[in-house]
$ cat upload_13.pdb   # PDB, C-alpha atoms
MODEL        1
ATOM      1  CA  MET A 694       0.066 -24.230   2.039
ATOM      2  CA  SER A 695       3.326 -24.955   0.269
ATOM      3  CA  ALA A 696       3.745 -27.784  -2.207
ATOM      4  CA  ALA A 697       6.479 -29.340  -0.071
ATOM      5  CA  LEU A 698       4.191 -29.484   2.973
ATOM      6  CA  LEU A 699       1.411 -31.006   0.884
ATOM      7  CA  ILE A 700       3.785 -33.676  -0.398
ATOM      8  CA  ASP A 701       4.940 -34.422   3.157
ATOM      9  CA  ILE A 702       1.337 -34.816   4.282
ATOM     10  CA  ILE A 703       0.547 -37.193   1.392
ATOM     11  CA  LEU A 704       3.756 -39.111   2.067
ATOM     12  CA  TRP A 705       3.209 -39.636   5.787
ATOM     13  CA  GLY A 706      -0.486 -40.203   5.167
ATOM     14  CA  SER A 707       0.456 -43.089   2.868
ATOM     15  CA  VAL A 708       2.854 -44.462   5.479
ATOM     16  CA  ALA A 709       0.081 -44.321   8.093
ATOM     17  CA  ALA A 710      -2.379 -45.986   5.701
ATOM     18  CA  VAL A 711      -0.142 -48.941   4.800
ATOM     19  CA  GLY A 712       0.956 -49.143   8.452
ATOM     20  CA  PHE A 713      -2.685 -49.465   9.471
ATOM     21  CA  ILE A 714      -3.223 -52.238   6.914
ATOM     22  CA  ALA A 715      -0.139 -53.994   8.284
ATOM     23  CA  TYR A 716      -1.509 -53.636  11.832
ATOM     24  CA  GLN A 717      -4.798 -55.198  10.778
ATOM     25  CA  ARG A 718      -2.851 -58.204   9.509
ATOM     26  CA  GLY A 719      -1.557 -58.550  13.066
ATOM     27  CA  PRO A 720       0.722 -56.601  15.388
ATOM     28  CA  ARG A 721       3.655 -58.819  14.426
ATOM     29  CA  VAL A 722       3.407 -57.798  10.764
ATOM     30  CA  LEU A 723       3.509 -54.180  11.932
ATOM     31  CA  THR A 724       6.572 -54.594  14.152
ATOM     32  CA  THR A 725       8.435 -56.679  11.554
ATOM     33  CA  SER A 726       7.937 -54.048   8.858
ATOM     34  CA  LEU A 727       8.808 -51.235  11.262
ATOM     35  CA  ARG A 728      12.058 -52.993  12.139
ATOM     36  CA  GLU A 729      12.868 -53.735   8.473
ATOM     37  CA  GLY A 730      12.125 -50.148   7.438
ATOM     38  CA  SER A 731      14.225 -48.698  10.247
ATOM     39  CA  MET A 732      17.157 -50.963   9.388
ATOM     40  CA  ASP A 733      16.955 -49.853   5.720
ATOM     41  CA  PHE A 734      16.916 -46.270   6.930
ATOM     42  CA  ILE A 735      19.991 -46.725   9.146
ATOM     43  CA  ASN A 736      21.895 -48.432   6.334
ATOM     44  CA  ILE A 737      21.041 -45.814   3.764
ATOM     45  CA  VAL A 738      21.603 -42.606   5.732
ATOM     46  CA  PRO A 739      25.431 -42.600   5.532
ATOM     47  CA  ARG A 740      25.373 -43.120   1.761
ATOM     48  CA  ILE A 741      22.833 -40.357   1.264
ATOM     49  CA  ALA A 742      24.758 -38.071   3.615
ATOM     50  CA  LEU A 743      27.787 -38.226   1.332
ATOM     51  CA  GLY A 744      25.661 -37.615  -1.748
ATOM     52  CA  VAL A 745      23.587 -34.729  -0.473
ATOM     53  CA  ILE A 746      26.343 -32.974   1.436
ATOM     54  CA  GLY A 747      28.821 -33.553  -1.382
ATOM     55  CA  SER A 748      26.644 -32.706  -4.384
ATOM     56  CA  GLY A 749      26.776 -28.976  -3.696
ATOM     57  CA  TYR A 750      30.543 -29.020  -4.254
ATOM     58  CA  ILE A 751      30.305 -31.032  -7.456
ATOM     59  CA  ALA A 752      27.632 -28.691  -8.825
ATOM     60  CA  ALA A 753      29.701 -25.657  -7.821
ATOM     61  CA  VAL A 754      32.740 -26.653  -9.874
ATOM     62  CA  ILE A 755      30.877 -27.513 -13.099
ATOM     63  CA  PRO A 756      30.196 -24.213 -14.858
ATOM     64  CA  GLN A 757      26.576 -23.984 -15.990
ATOM     65  CA  GLU A 758      27.514 -21.987 -19.112
ATOM     66  CA  ILE A 759      29.259 -25.030 -20.525
ATOM     67  CA  ILE A 760      26.068 -27.058 -20.309
ATOM     68  CA  THR A 761      23.738 -24.334 -21.627
ATOM     69  CA  GLY A 762      26.128 -23.503 -24.475
ATOM     70  CA  TRP A 763      25.596 -26.992 -25.839
ATOM     71  CA  LEU A 764      21.820 -26.655 -26.196
ATOM     72  CA  GLY A 765      21.949 -23.866 -28.779
ATOM     73  CA  PRO A 766      19.041 -22.952 -31.086
ATOM     74  CA  ASN A 767      18.643 -24.680 -34.466
ATOM     75  CA  SER A 768      21.077 -27.340 -33.304
ATOM     76  CA  GLY A 769      18.755 -30.077 -34.598
ATOM     77  CA  TRP A 770      19.449 -33.698 -33.770
ATOM     78  CA  PHE A 771      23.049 -32.896 -32.962
ATOM     79  CA  GLY A 772      21.731 -30.499 -30.301
ATOM     80  CA  VAL A 773      19.359 -33.171 -29.023
ATOM     81  CA  ALA A 774      22.223 -35.662 -28.706
ATOM     82  CA  THR A 775      24.363 -33.103 -26.882
ATOM     83  CA  ALA A 776      21.395 -32.266 -24.651
ATOM     84  CA  VAL A 777      21.050 -35.932 -23.714
ATOM     85  CA  ILE A 778      24.736 -36.169 -22.786
ATOM     86  CA  ALA A 779      24.517 -32.891 -20.867
ATOM     87  CA  GLY A 780      21.451 -34.167 -19.001
ATOM     88  CA  ALA A 781      23.249 -37.357 -18.019
ATOM     89  CA  ALA A 782      26.271 -35.348 -16.856
ATOM     90  CA  THR A 783      24.384 -32.699 -14.863
ATOM     91  CA  PRO A 784      25.131 -33.042 -11.151
ATOM     92  CA  GLY A 785      23.080 -31.874  -8.193
ATOM     93  CA  GLY A 786      19.420 -31.944  -7.250
ATOM     94  CA  PRO A 787      16.231 -30.814  -9.008
ATOM     95  CA  VAL A 788      17.062 -27.124  -8.615
ATOM     96  CA  VAL A 789      20.248 -27.472 -10.663
ATOM     97  CA  GLY A 790      18.743 -29.491 -13.523
ATOM     98  CA  PHE A 791      15.625 -27.361 -13.944
ATOM     99  CA  SER A 792      17.557 -24.113 -13.525
ATOM    100  CA  ILE A 793      19.928 -25.067 -16.322
ATOM    101  CA  GLY A 794      16.920 -26.009 -18.447
ATOM    102  CA  ALA A 795      15.288 -22.651 -17.714
ATOM    103  CA  VAL A 796      18.489 -20.754 -18.491
ATOM    104  CA  ALA A 797      18.862 -22.699 -21.744
ATOM    105  CA  LEU A 798      15.289 -21.808 -22.760
ATOM    106  CA  LYS A 799      15.852 -18.121 -21.952
ATOM    107  CA  ALA A 800      19.187 -18.135 -23.754
ATOM    108  CA  GLY A 801      17.389 -19.267 -26.905
ATOM    109  CA  GLY A 802      17.802 -23.022 -26.689
ATOM    110  CA  GLY A 803      15.336 -24.940 -28.840
ATOM    111  CA  PRO A 804      12.370 -26.425 -26.891
ATOM    112  CA  PRO A 805      12.926 -29.977 -28.260
ATOM    113  CA  GLN A 806      16.536 -29.812 -27.119
ATOM    114  CA  VAL A 807      15.527 -28.541 -23.665
ATOM    115  CA  ILE A 808      12.837 -31.261 -23.434
ATOM    116  CA  ALA A 809      15.481 -33.856 -24.313
ATOM    117  CA  TYR A 810      17.794 -32.344 -21.713
ATOM    118  CA  VAL A 811      15.216 -32.348 -18.896
ATOM    119  CA  ILE A 812      14.036 -35.887 -19.705
ATOM    120  CA  ALA A 813      17.561 -37.288 -20.030
ATOM    121  CA  TRP A 814      18.453 -35.672 -16.732
ATOM    122  CA  ALA A 815      15.301 -37.043 -15.074
ATOM    123  CA  LEU A 816      15.870 -40.546 -16.462
ATOM    124  CA  PHE A 817      19.583 -41.116 -16.030
ATOM    125  CA  ALA A 818      21.534 -38.252 -14.486
ATOM    126  CA  PHE A 819      24.698 -40.089 -13.604
ATOM    127  CA  GLN A 820      25.109 -38.640 -10.148
ATOM    128  CA  ARG A 821      21.528 -39.544  -9.207
ATOM    129  CA  LEU A 822      21.989 -43.112 -10.404
ATOM    130  CA  LEU A 823      25.055 -43.469  -8.185
ATOM    131  CA  LEU A 824      23.838 -41.594  -5.127
ATOM    132  CA  TRP A 825      20.160 -42.432  -4.984
ATOM    133  CA  GLU A 826      19.239 -45.359  -7.093
ATOM    134  CA  ILE A 827      22.164 -47.762  -6.471
ATOM    135  CA  PRO A 828      21.927 -47.570  -2.647
ATOM    136  CA  PHE A 829      18.240 -48.539  -2.707
ATOM    137  CA  MET A 830      18.007 -50.971  -5.592
ATOM    138  CA  PRO A 831      19.870 -53.944  -7.062
ATOM    139  CA  ALA A 832      22.712 -52.506  -9.198
ATOM    140  CA  ARG A 833      21.850 -54.879 -12.056
ATOM    141  CA  PHE A 834      18.363 -53.360 -12.264
ATOM    142  CA  VAL A 835      19.670 -49.781 -12.120
ATOM    143  CA  TRP A 836      22.098 -50.182 -15.026
ATOM    144  CA  PHE A 837      19.555 -52.147 -17.011
ATOM    145  CA  ARG A 838      16.911 -49.469 -16.509
ATOM    146  CA  ALA A 839      19.327 -46.665 -17.410
ATOM    147  CA  ALA A 840      20.404 -48.457 -20.598
ATOM    148  CA  VAL A 841      16.812 -49.129 -21.629
ATOM    149  CA  SER A 842      15.957 -45.444 -20.999
ATOM    150  CA  VAL A 843      18.564 -44.043 -23.403
ATOM    151  CA  PRO A 844      16.288 -43.838 -26.510
ATOM    152  CA  PHE A 845      13.492 -41.980 -24.750
ATOM    153  CA  PRO A 846      14.839 -38.411 -24.582
ATOM    154  CA  PHE A 847      15.204 -38.724 -28.375
ATOM    155  CA  VAL A 848      11.632 -40.008 -28.673
ATOM    156  CA  ALA A 849      10.419 -37.069 -26.581
ATOM    157  CA  ALA A 850      12.363 -34.571 -28.710
ATOM    158  CA  ALA A 851      10.879 -36.144 -31.853
ATOM    159  CA  ILE A 852       7.351 -35.791 -30.432
ATOM    160  CA  ALA A 853       8.084 -32.178 -29.461
ATOM    161  CA  MET A 854       9.340 -31.431 -33.007
ATOM    162  CA  ALA A 855       6.328 -33.177 -34.560
ATOM    163  CA  ILE A 856       3.674 -31.308 -32.559
ATOM    164  CA  GLY A 857       5.594 -28.021 -32.449
ATOM    165  CA  LYS A 858       5.124 -27.638 -28.676
ATOM    166  CA  PRO A 859       5.971 -26.276 -26.188
TER     167      PRO A 859
ATOM    168  CA  MET B 841      31.088 -44.909  -2.643
ATOM    169  CA  ILE B 842      34.863 -44.357  -2.859
ATOM    170  CA  THR B 843      34.590 -42.777  -6.316
ATOM    171  CA  ILE B 844      31.971 -40.385  -5.046
ATOM    172  CA  GLY B 845      33.991 -39.611  -1.933
ATOM    173  CA  VAL B 846      37.024 -38.733  -4.066
ATOM    174  CA  LEU B 847      34.880 -36.681  -6.454
ATOM    175  CA  VAL B 848      33.416 -34.738  -3.545
ATOM    176  CA  ALA B 849      36.846 -34.176  -1.969
ATOM    177  CA  VAL B 850      38.346 -32.918  -5.241
ATOM    178  CA  SER B 851      35.350 -30.637  -5.884
ATOM    179  CA  ALA B 852      35.479 -29.272  -2.329
ATOM    180  CA  THR B 853      39.197 -28.535  -2.745
ATOM    181  CA  LEU B 854      38.520 -26.689  -6.019
ATOM    182  CA  VAL B 855      35.786 -24.650  -4.314
ATOM    183  CA  TYR B 856      38.201 -23.878  -1.465
ATOM    184  CA  ARG B 857      40.894 -22.671  -3.881
ATOM    185  CA  ARG B 858      38.395 -20.525  -5.758
ATOM    186  CA  ASP B 859      36.206 -19.136  -2.953
ATOM    187  CA  GLY B 860      38.174 -19.793   0.244
ATOM    188  CA  VAL B 861      36.795 -21.131   3.514
ATOM    189  CA  ASP B 862      33.623 -19.039   3.234
ATOM    190  CA  GLY B 863      32.714 -20.669  -0.067
ATOM    191  CA  VAL B 864      33.200 -24.147   1.382
ATOM    192  CA  LEU B 865      31.166 -23.348   4.510
ATOM    193  CA  ASP B 866      28.340 -21.715   2.524
ATOM    194  CA  ILE B 867      27.824 -24.848   0.463
ATOM    195  CA  LEU B 868      28.199 -27.083   3.519
ATOM    196  CA  ALA B 869      25.555 -25.114   5.438
ATOM    197  CA  HIS B 870      23.171 -25.224   2.479
ATOM    198  CA  ASP B 871      23.643 -28.957   1.928
ATOM    199  CA  LEU B 872      23.323 -29.739   5.651
ATOM    200  CA  THR B 873      19.978 -27.898   5.723
ATOM    201  CA  LEU B 874      18.884 -29.885   2.681
ATOM    202  CA  PHE B 875      20.032 -33.117   4.299
ATOM    203  CA  GLY B 876      18.142 -32.337   7.516
ATOM    204  CA  GLY B 877      15.008 -31.640   5.495
ATOM    205  CA  ILE B 878      15.326 -34.865   3.538
ATOM    206  CA  LEU B 879      15.988 -37.230   6.459
ATOM    207  CA  PRO B 880      12.381 -37.572   7.686
ATOM    208  CA  ARG B 881      11.293 -38.277   4.100
ATOM    209  CA  VAL B 882      13.962 -40.928   3.722
ATOM    210  CA  LEU B 883      12.574 -42.569   6.862
ATOM    211  CA  ALA B 884       9.036 -42.332   5.461
ATOM    212  CA  GLY B 885      10.231 -43.869   2.189
ATOM    213  CA  CYS B 886      11.952 -46.781   3.916
ATOM    214  CA  LEU B 887       8.893 -47.460   6.082
ATOM    215  CA  LEU B 888       6.597 -47.263   3.054
ATOM    216  CA  GLY B 889       8.813 -49.732   1.178
ATOM    217  CA  ALA B 890       8.931 -52.131   4.136
ATOM    218  CA  PHE B 891       5.160 -52.012   4.708
ATOM    219  CA  ILE B 892       4.413 -52.521   1.035
ATOM    220  CA  ALA B 893       6.806 -55.475   0.849
ATOM    221  CA  GLU B 894       5.103 -56.954   3.907
ATOM    222  CA  ILE B 895       1.433 -56.458   3.059
ATOM    223  CA  LEU B 896       1.368 -57.022  -0.701
ATOM    224  CA  PRO B 897       0.491 -60.629  -1.437
ATOM    225  CA  HIS B 898       3.413 -62.002  -3.448
ATOM    226  CA  GLU B 899       1.256 -64.202  -5.650
ATOM    227  CA  LYS B 900      -0.968 -61.333  -6.660
ATOM    228  CA  VAL B 901       1.988 -59.068  -7.414
ATOM    229  CA  SER B 902       3.751 -61.610  -9.576
ATOM    230  CA  ARG B 903       0.509 -62.223 -11.441
ATOM    231  CA  SER B 904      -0.350 -58.556 -12.031
ATOM    232  CA  LEU B 905       3.202 -57.160 -12.363
ATOM    233  CA  GLY B 906       5.231 -60.238 -13.255
ATOM    234  CA  PRO B 907       6.864 -61.209 -16.557
ATOM    235  CA  ASN B 908       3.587 -62.502 -17.996
ATOM    236  CA  SER B 909       1.424 -59.577 -16.926
ATOM    237  CA  GLY B 910       1.377 -58.065 -20.424
ATOM    238  CA  LEU B 911       0.362 -54.499 -21.181
ATOM    239  CA  LYS B 912      -1.859 -54.456 -18.108
ATOM    240  CA  GLY B 913       1.152 -55.004 -15.844
ATOM    241  CA  LEU B 914       3.002 -52.125 -17.478
ATOM    242  CA  LEU B 915      -0.077 -49.908 -17.119
ATOM    243  CA  ILE B 916      -0.428 -50.762 -13.428
ATOM    244  CA  GLY B 917       3.275 -50.080 -12.889
ATOM    245  CA  ALA B 918       3.082 -46.747 -14.701
ATOM    246  CA  ALA B 919      -0.075 -45.671 -12.848
ATOM    247  CA  PHE B 920       1.487 -46.634  -9.536
ATOM    248  CA  GLY B 921       4.634 -44.607 -10.323
ATOM    249  CA  ALA B 922       2.576 -41.573 -11.298
ATOM    250  CA  ILE B 923       0.609 -41.463  -8.023
ATOM    251  CA  LEU B 924       3.440 -42.446  -5.676
ATOM    252  CA  PRO B 925       4.143 -39.590  -3.275
ATOM    253  CA  GLY B 926       7.596 -38.343  -2.296
ATOM    254  CA  GLY B 927      10.985 -38.199  -3.956
ATOM    255  CA  PRO B 928      13.753 -40.678  -4.739
ATOM    256  CA  PHE B 929      13.740 -41.663  -1.071
ATOM    257  CA  THR B 930      10.241 -43.115  -1.594
ATOM    258  CA  ALA B 931      10.291 -44.312  -5.164
ATOM    259  CA  TYR B 932      13.436 -46.428  -5.033
ATOM    260  CA  PRO B 933      12.674 -48.350  -1.815
ATOM    261  CA  VAL B 934       9.152 -49.050  -3.081
ATOM    262  CA  ALA B 935      10.441 -50.141  -6.498
ATOM    263  CA  SER B 936      12.952 -52.369  -4.754
ATOM    264  CA  ALA B 937      10.151 -53.882  -2.664
ATOM    265  CA  LEU B 938       8.102 -54.567  -5.807
ATOM    266  CA  LEU B 939      11.042 -56.384  -7.403
ATOM    267  CA  ALA B 940      11.462 -58.426  -4.230
ATOM    268  CA  VAL B 941       7.829 -59.561  -4.177
ATOM    269  CA  GLY B 942       7.648 -60.680  -7.793
ATOM    270  CA  ALA B 943       7.310 -57.743 -10.178
ATOM    271  CA  ASP B 944       9.475 -58.115 -13.274
ATOM    272  CA  PHE B 945      12.019 -55.608 -14.642
ATOM    273  CA  GLY B 946       9.536 -54.343 -17.258
ATOM    274  CA  ALA B 947       6.777 -53.349 -14.822
ATOM    275  CA  THR B 948       9.309 -51.924 -12.348
ATOM    276  CA  ILE B 949      10.939 -49.873 -15.119
ATOM    277  CA  ALA B 950       7.496 -48.562 -16.107
ATOM    278  CA  MET B 951       6.973 -47.583 -12.466
ATOM    279  CA  VAL B 952      10.339 -45.832 -11.988
ATOM    280  CA  VAL B 953      10.187 -44.032 -15.348
ATOM    281  CA  SER B 954       6.609 -42.970 -14.712
ATOM    282  CA  TRP B 955       7.527 -41.669 -11.283
ATOM    283  CA  THR B 956      10.456 -39.680 -12.610
ATOM    284  CA  LEU B 957       8.687 -38.253 -15.705
ATOM    285  CA  ILE B 958       5.000 -38.000 -14.796
ATOM    286  CA  GLY B 959       4.996 -38.080 -10.985
ATOM    287  CA  TYR B 960       3.573 -34.865  -9.610
ATOM    288  CA  GLY B 961       6.031 -34.541  -6.709
ATOM    289  CA  ARG B 962       8.964 -33.112  -8.592
ATOM    290  CA  ALA B 963       6.808 -31.333 -11.174
ATOM    291  CA  VAL B 964       4.820 -29.399  -8.572
ATOM    292  CA  ALA B 965       7.666 -28.654  -6.189
ATOM    293  CA  TRP B 966      10.432 -27.784  -8.657
ATOM    294  CA  GLU B 967       9.547 -27.828 -12.349
ATOM    295  CA  LEU B 968       6.454 -25.560 -12.308
ATOM    296  CA  PRO B 969       8.133 -22.704 -10.411
ATOM    297  CA  ILE B 970      11.421 -22.916 -12.322
ATOM    298  CA  MET B 971      10.432 -23.893 -15.871
ATOM    299  CA  GLY B 972       6.965 -22.337 -16.034
ATOM    300  CA  THR B 973       3.520 -23.883 -16.509
ATOM    301  CA  ASP B 974       3.529 -24.050 -20.311
ATOM    302  CA  PHE B 975       6.802 -25.971 -20.591
ATOM    303  CA  THR B 976       5.986 -28.281 -17.676
ATOM    304  CA  LEU B 977       2.540 -29.271 -18.955
ATOM    305  CA  TRP B 978       3.757 -29.961 -22.496
ATOM    306  CA  ARG B 979       6.765 -31.825 -21.154
ATOM    307  CA  ILE B 980       4.433 -34.087 -19.140
ATOM    308  CA  VAL B 981       2.030 -34.590 -22.072
ATOM    309  CA  ILE B 982       4.957 -35.594 -24.304
ATOM    310  CA  SER B 983       6.213 -37.939 -21.556
ATOM    311  CA  LEU B 984       2.888 -39.777 -21.124
ATOM    312  CA  PRO B 985       3.658 -42.721 -23.494
ATOM    313  CA  LEU B 986       7.281 -43.099 -22.354
ATOM    314  CA  PRO B 987       6.844 -45.274 -19.203
ATOM    315  CA  LEU B 988       4.909 -47.897 -21.185
ATOM    316  CA  LEU B 989       7.417 -47.834 -24.039
ATOM    317  CA  ALA B 990      10.362 -48.073 -21.626
ATOM    318  CA  GLY B 991       8.719 -50.930 -19.725
ATOM    319  CA  ALA B 992       7.936 -52.793 -22.950
ATOM    320  CA  LEU B 993      11.468 -52.282 -24.255
ATOM    321  CA  GLY B 994      12.853 -53.405 -20.883
ATOM    322  CA  ARG B 995      10.804 -56.587 -20.983
ATOM    323  CA  PHE B 996      11.748 -57.227 -24.621
ATOM    324  CA  VAL B 997      15.474 -56.873 -23.894
ATOM    325  CA  TYR B 998      15.328 -58.695 -20.552
ATOM    326  CA  VAL B 999      13.965 -62.002 -21.874
ATOM    327  CA  ARG B1000      16.691 -61.974 -24.511
ATOM    328  CA  MET B1001      19.481 -61.082 -22.095
ATOM    329  CA  TYR B1002      18.510 -63.405 -19.269
ATOM    330  CA  PRO B1003      16.565 -66.246 -20.881
ATOM    331  CA  LYS B1004      17.211 -68.557 -17.910
ATOM    332  CA  ASP B1005      15.249 -66.377 -15.488
ATOM    333  CA  GLU B1006      12.160 -66.925 -17.584
ATOM    334  CA  LEU B1007      12.173 -70.663 -17.005
ATOM    335  CA  GLU B1008      11.537 -70.341 -13.284
TER     336      GLU B1008
ENDMDL
END

$ encode --input "upload_13.pdb" --output "structure tokens"
Amino acid sequence: MSAALLIDIILWGSVAAVGFIAYQRGPRVLTTSLREGSMDFINIVPRIALGVIGSGYIAAVIPQEIITGWLGPNSGWFGVATAVIAGAATPGGPVVGFSIGAVALKAGGGPPQVIAYVIAWALFAFQRLLLWEIPFMPARFVWFRAAVSVPFPFVAAAIAMAIGKP
Amino acid sequence: MITIGVLVAVSATLVYRRDGVDGVLDILAHDLTLFGGILPRVLAGCLLGAFIAEILPHEKVSRSLGPNSGLKGLLIGAAFGAILPGGPFTAYPVASALLAVGADFGATIAMVVSWTLIGYGRAVAWELPIMGTDFTLWRIVISLPLPLLAGALGRFVYVRMYPKDELE
């Protein structure tokens, strides 16, 4: 069984579970939430359509070598800082971010720098903030969370340097 | 939305000039497949968010995840983010629902950061196969304290940035 299928099962299982709880509170709670959820879905689909269908083009025109070149070995804190900026600037979905990280590791990038890159990308990749997070959440929260997250790729790189792993 | 639209249009034009119509169609076909695969999960995420907003008792949420919930609130937020299934299409609607029913920025930040750094969804589906087990496991171990720290920092900054909200 593939990981994606497993995740889908867990996801829909959770939906069914909370739906059942809602139904126990009364059929009206169930129908209200179903209507609310469907309306959210209808509102969000066009925004996501642009993001998902467009991100392939954005990723295609940003050469990956530019990003991996920045994460060079023995680049120290300067490399970590560049990695954080590169992570924030990396477009596209999980395949793109992790692939660049993997290429950087193979090309001799330092593990702390790659850790900083992956974590910065996971925390505040600019394209993901715009395409995924803003449509679903209050913009004030999104920018606040991104700003608060900025120190943490550096913290992670420091931990990686301190323990000498991975 | 307009910025992104322009960005996409410019990028698509550059791809067209470099790779011709075939290049443009290849990427379009790939992204359409991806979009089709994501849609049901987006629906699941929206439903999950709506149900959670409806069934969670607001009082309880604001007590256990609100501004005065302390370290425990951050821990609950982080644990919730780590076990939440699905991708961005689940995490963001649910986080939004939590905010709406009384969680504060700190606990919600702990939840979102925990989901993105520790959540198993992305790690199992993408990171393990691409980055390898060794890197992924160490990356997660190193990330373990970060959701709590981010949530605490968020709370610390929030009460200083928006002191009025605290009076409510």

$ residues_around --input "upload_13.pdb" --residues "Ala963 of chain B" --least-positions-apart "3" --cutoff "12 Å" --atoms "all atoms listed in the file" --output "CSV table (one decimal) with C-alpha atoms, in the coordinates of the input"
chain,number,residue,atom,x,y,z
A,696,ALA,CA,3.7,-27.8,-2.2
A,697,ALA,CA,6.5,-29.3,-0.1
A,700,ILE,CA,3.8,-33.7,-0.4
A,787,PRO,CA,16.2,-30.8,-9.0
A,788,VAL,CA,17.1,-27.1,-8.6
A,791,PHE,CA,15.6,-27.4,-13.9
A,811,VAL,CA,15.2,-32.3,-18.9
A,815,ALA,CA,15.3,-37.0,-15.1
B,922,ALA,CA,2.6,-41.6,-11.3
B,925,PRO,CA,4.1,-39.6,-3.3
B,926,GLY,CA,7.6,-38.3,-2.3
B,927,GLY,CA,11.0,-38.2,-4.0
B,955,TRP,CA,7.5,-41.7,-11.3
B,956,THR,CA,10.5,-39.7,-12.6
B,957,LEU,CA,8.7,-38.3,-15.7
B,958,ILE,CA,5.0,-38.0,-14.8
B,959,GLY,CA,5.0,-38.1,-11.0
B,960,TYR,CA,3.6,-34.9,-9.6
B,966,TRP,CA,10.4,-27.8,-8.7
B,967,GLU,CA,9.5,-27.8,-12.3
B,968,LEU,CA,6.5,-25.6,-12.3
B,969,PRO,CA,8.1,-22.7,-10.4
B,970,ILE,CA,11.4,-22.9,-12.3
B,971,MET,CA,10.4,-23.9,-15.9
B,972,GLY,CA,7.0,-22.3,-16.0
B,973,THR,CA,3.5,-23.9,-16.5
B,975,PHE,CA,6.8,-26.0,-20.6
B,976,THR,CA,6.0,-28.3,-17.7
B,977,LEU,CA,2.5,-29.3,-19.0
B,978,TRP,CA,3.8,-30.0,-22.5
B,979,ARG,CA,6.8,-31.8,-21.2
B,980,ILE,CA,4.4,-34.1,-19.1

$ resolve_selection --input "upload_13.pdb" --expression "the ChimeraX specification (/B :<7) & /A" --output "PyMOL selection string"
chain A and resi 696-697+700+703-705+708+711-712+715+726-727+729-731+733-734+742+745-747+749-751+754+787-788+791-792+795+808+815-816+825-826+829-830+838+841-842+845+849+852-853+858-859

$ atom_distance --input "upload_13.pdb" --atom1 "atom CA of Phe847 of chain A" --atom2 "atom CA of Val777 of chain A"
8.0 Å

$ residues_around --input "upload_13.pdb" --residues "Ile916 of chain B" --least-positions-apart "2" --cutoff "8 Å" --atoms "all atoms listed in the file" --output "CSV table (one decimal) with C-alpha atoms, in the frame of the given file"
chain,number,residue,atom,x,y,z
B,904,SER,CA,-0.4,-58.6,-12.0
B,905,LEU,CA,3.2,-57.2,-12.4
B,912,LYS,CA,-1.9,-54.5,-18.1
B,913,GLY,CA,1.2,-55.0,-15.8
B,914,LEU,CA,3.0,-52.1,-17.5
B,918,ALA,CA,3.1,-46.7,-14.7
B,919,ALA,CA,-0.1,-45.7,-12.8
B,920,PHE,CA,1.5,-46.6,-9.5
B,947,ALA,CA,6.8,-53.3,-14.8

$ residues_around --input "upload_13.pdb" --residues "Leu824 of chain A" --least-positions-apart "4" --cutoff "8 Å" --atoms "only C-alpha atoms" --output "MDAnalysis selection string"
chainID A and resid 740:741 744 820 828

$ resolve_selection --input "upload_13.pdb" --expression "the PyMOL selection byres ((chain A and resi 783) around 9)" --output "ChimeraX atom specification"
/A:752,755,760,778-782,784-785,789-790,793,814,818-820

$ closest_residue --input "upload_13.pdb" --among "B:Leu938, B:Leu988, B:Asp862, B:Tyr1002" --to "Arg833 of chain A" --atoms "only C-alpha atoms"
B:Tyr1002

$ atom_distance --input "upload_13.pdb" --atom1 "atom CA of Gln806 of chain A" --atom2 "atom CA of Ala850 of chain A"
6.5 Å

$ atom_distance --input "upload_13.pdb" --atom1 "atom CA of Val835 of chain A" --atom2 "atom CA of Leu911 of chain B"
21.8 Å

$ closest_residue --input "upload_13.pdb" --among "B:Arg903, B:Leu865, B:Ile923, B:Gly877" --to "Leu698 of chain A" --atoms "only C-alpha atoms"
B:Gly877
